[in-house]
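Asks: The structure under discussion is supplied below as structure tokens; questions concerning it will follow.
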Amino acid sequence: MSREPSSSDREPLRIQDTVRLSADGLAKVLGDLEARVMRMVWQIDRPATARTIHEQVVREHQVAIHTTITVLNKLVEKGLLRREKKEDLLHYEARFTEEEFRTQASRRVVEGILSMGPEAVTASFLDVLAEHDPERLTELARLIQERLAGHGDG
């Protein structure tokens with residue numbers, strides 16, 4: 001049963017402005033448990049009850065169901081999940097695919113980093129990319145040329 005998108009479906013993400021450099025993956029912009037819960041919601045890939053999500057989370061990380069519920073509700077507040085009552089139970093589902101979330105979060109991180117000075121950031125980005133994945137430099141050059149060509153039309 002599909003529903004009309006509400007105004008809350010269009011609200012922006014409210015993720016923390018702090019990036020935890022030592023954390024892995026999604027935990028860089030979410031808490032560790034929030035990242036675990038989001039991964040499970042994406043894996044389930046349908047509206048699910050807190051208990052269903054909790055049963056998946058505890059396979060990797062022992063936590064009380066009340067803690068999982070608290071995290072689910074925080075993720076609703078942050079705009080990552082929507083919550084809907086079905087058959088007297090709350091069901092949670094992701095508002096964004098994992099790829100959409102990564103894209104939005106990455107953009108926020110990059111915008112924050114660029115405020116430190118675009119020249120230094122660009123040079124650092126290229127140096128790190130060359131160290132970690134030199135083949136990507138060719139792809140990056142292609143993307144830059146594509147963007148520059150697109151801006152030349154206007």
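Residue numbering restarts at 1 for every chain of the structure tokens, chains are lettered A, B, ... in their displayed order, and ligands are numbered from 1 as they appear.
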As a VMD selection string, please: every residue in segment 42-92 of chain A that DSSP puts in strand (DSSP E).
Replies: chain A and resid 48 to 49 81 to 86 89 to 92
Asks: Any chance you could tabulate, as JSON lines, the residues of segment 24-55 of chain A at most 9 Å from segment 94-99 of chain A with each one's nearest atom pair and distance in Å to one decimal, using only C-alpha atoms, in chain and rising number order?
Replies:
{"residue": "A:Met38", "atom": "CA", "partner": "A:Ala94", "partner_atom": "CA", "distance": 7.8}
{"residue": "A:Arg39", "atom": "CA", "partner": "A:Glu98", "partner_atom": "CA", "distance": 8.0}
{"residue": "A:Val41", "atom": "CA", "partner": "A:Ala94", "partner_atom": "CA", "distance": 6.6}
{"residue": "A:Trp42", "atom": "CA", "partner": "A:Glu98", "partner_atom": "CA", "distance": 6.8}
{"residue": "A:Asp45", "atom": "CA", "partner": "A:Ala94", "partner_atom": "CA", "distance": 8.0}
{"residue": "A:Arg46", "atom": "CA", "partner": "A:Ala94", "partner_atom": "CA", "distance": 8.3}
{"residue": "A:Pro47", "atom": "CA", "partner": "A:Ala94", "partner_atom": "CA", "distance": 8.1}
Asks: Residues of segment 24-69 of chain A that have any atom at most 12 Å from an atom of segment 100-111 of chain A: could you tabulate them with the shortest-distance atom pair and the distance in Å to one decimal, using only C-alpha atoms, ordered by chain and increasing number, as a Markdown table?
Replies:
| residue | atom | partner | partner_atom | distance |
| --- | --- | --- | --- | --- |
| A:Gly25 | CA | A:Arg102 | CA | 9.4 |
| A:Leu26 | CA | A:Arg102 | CA | 7.8 |
| A:Ala27 | CA | A:Ala105 | CA | 11.2 |
| A:Lys28 | CA | A:Ala105 | CA | 9.7 |
| A:Val29 | CA | A:Ala105 | CA | 7.4 |
| A:Leu30 | CA | A:Ala105 | CA | 9.8 |
| A:Ala35 | CA | A:Phe101 | CA | 11.5 |
| A:Met38 | CA | A:Phe101 | CA | 10.2 |
| A:Arg39 | CA | A:Phe101 | CA | 11.3 |
| A:Trp42 | CA | A:Phe101 | CA | 10.8 |
Asks: Can you list, as a list in words, every protein, DNA or RNA residue that comes within 8 Å of segment 120-128 of chain A when you count only C-alpha atoms, leaving out same-chain residues fewer than 6 positions away?
Replies: Ile113, Leu114 and Leu137 of chain A
Asks: I need the chosen residues saved as a PDB file, in the first residue's frame, with N, CA and C atoms.
Replies:
ATOM      1  N   ILE A 113      34.650  20.890   4.122  1.00  0.00           N
ATOM      2  CA  ILE A 113      36.098  20.892   3.915  1.00  0.00           C
ATOM      3  C   ILE A 113      36.511  22.056   3.032  1.00  0.00           C
ATOM      4  N   LEU A 114      35.734  22.340   1.991  1.00  0.00           N
ATOM      5  CA  LEU A 114      36.083  23.440   1.084  1.00  0.00           C
ATOM      6  C   LEU A 114      36.116  24.789   1.793  1.00  0.00           C
ATOM      7  N   LEU A 137      42.551   8.955 -10.891  1.00  0.00           N
ATOM      8  CA  LEU A 137      42.933  10.280 -11.388  1.00  0.00           C
ATOM      9  C   LEU A 137      42.515  10.457 -12.842  1.00  0.00           C
TER      10      LEU A 137
END
Asks: Give me, as a list in words, all polymer residues having an atom no more than 9 Å from His91 of chain A, counting only C-alpha atoms and skipping those fewer than 2 positions away in the same chain.
Replies: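 Here the answer would be Pro47, Ala48, Thr49, Ala50, Arg82, Arg83, Glu84, Lys85, Lys86, Leu89 and Glu93 of chain A.
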Asks: If you keep C-alpha atoms, can you produce a file of those selected residues as an mmCIF file, in the first residue's frame?
Replies:
data_model
loop_
_atom_site.group_PDB
_atom_site.id
_atom_site.type_symbol
_atom_site.label_atom_id
_atom_site.label_comp_id
_atom_site.auth_asym_id
_atom_site.auth_seq_id
_atom_site.Cartn_x
_atom_site.Cartn_y
_atom_site.Cartn_z
ATOM 1 C CA PRO A 47 9.055 -1.219 6.123
ATOM 2 C CA ALA A 48 9.931 -3.180 9.273
ATOM 3 C CA THR A 49 9.095 -3.125 12.953
ATOM 4 C CA ALA A 50 11.635 -2.146 15.578
ATOM 5 C CA ARG A 82 10.185 7.505 8.099
ATOM 6 C CA ARG A 83 7.902 5.913 10.659
ATOM 7 C CA GLU A 84 4.366 4.752 9.957
ATOM 8 C CA LYS A 85 1.868 2.845 12.062
ATOM 9 C CA LYS A 86 0.542 -0.337 10.442
ATOM 10 C CA LEU A 89 2.831 -1.404 15.200
ATOM 11 C CA GLU A 93 11.853 2.467 6.465
#
Asks: Please return as number ranges by chain: the residues of segment 10-133 of chain A that backbone DSSP assigns to alpha helix (DSSP H).
Replies: A: 32-44, 50-57, 65-77, 98-114, 118-132
Asks: Nearest residue to Thr68 of chain A out of A:Arg147, A:His132, A:Arg20, A:Arg36, using only C-alpha atoms?
Replies: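 The shortest atom-to-atom distance to Thr68 of chain A comes from A:Arg36.
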Asks: Quick one: pull the distance between atom CA of Val37 of chain A and atom CA of His54 of chain A, Å, one decimal.
Replies: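 Result for atom CA of Val37 of chain A versus atom CA of His54 of chain A: 8.0 Å, one decimal.
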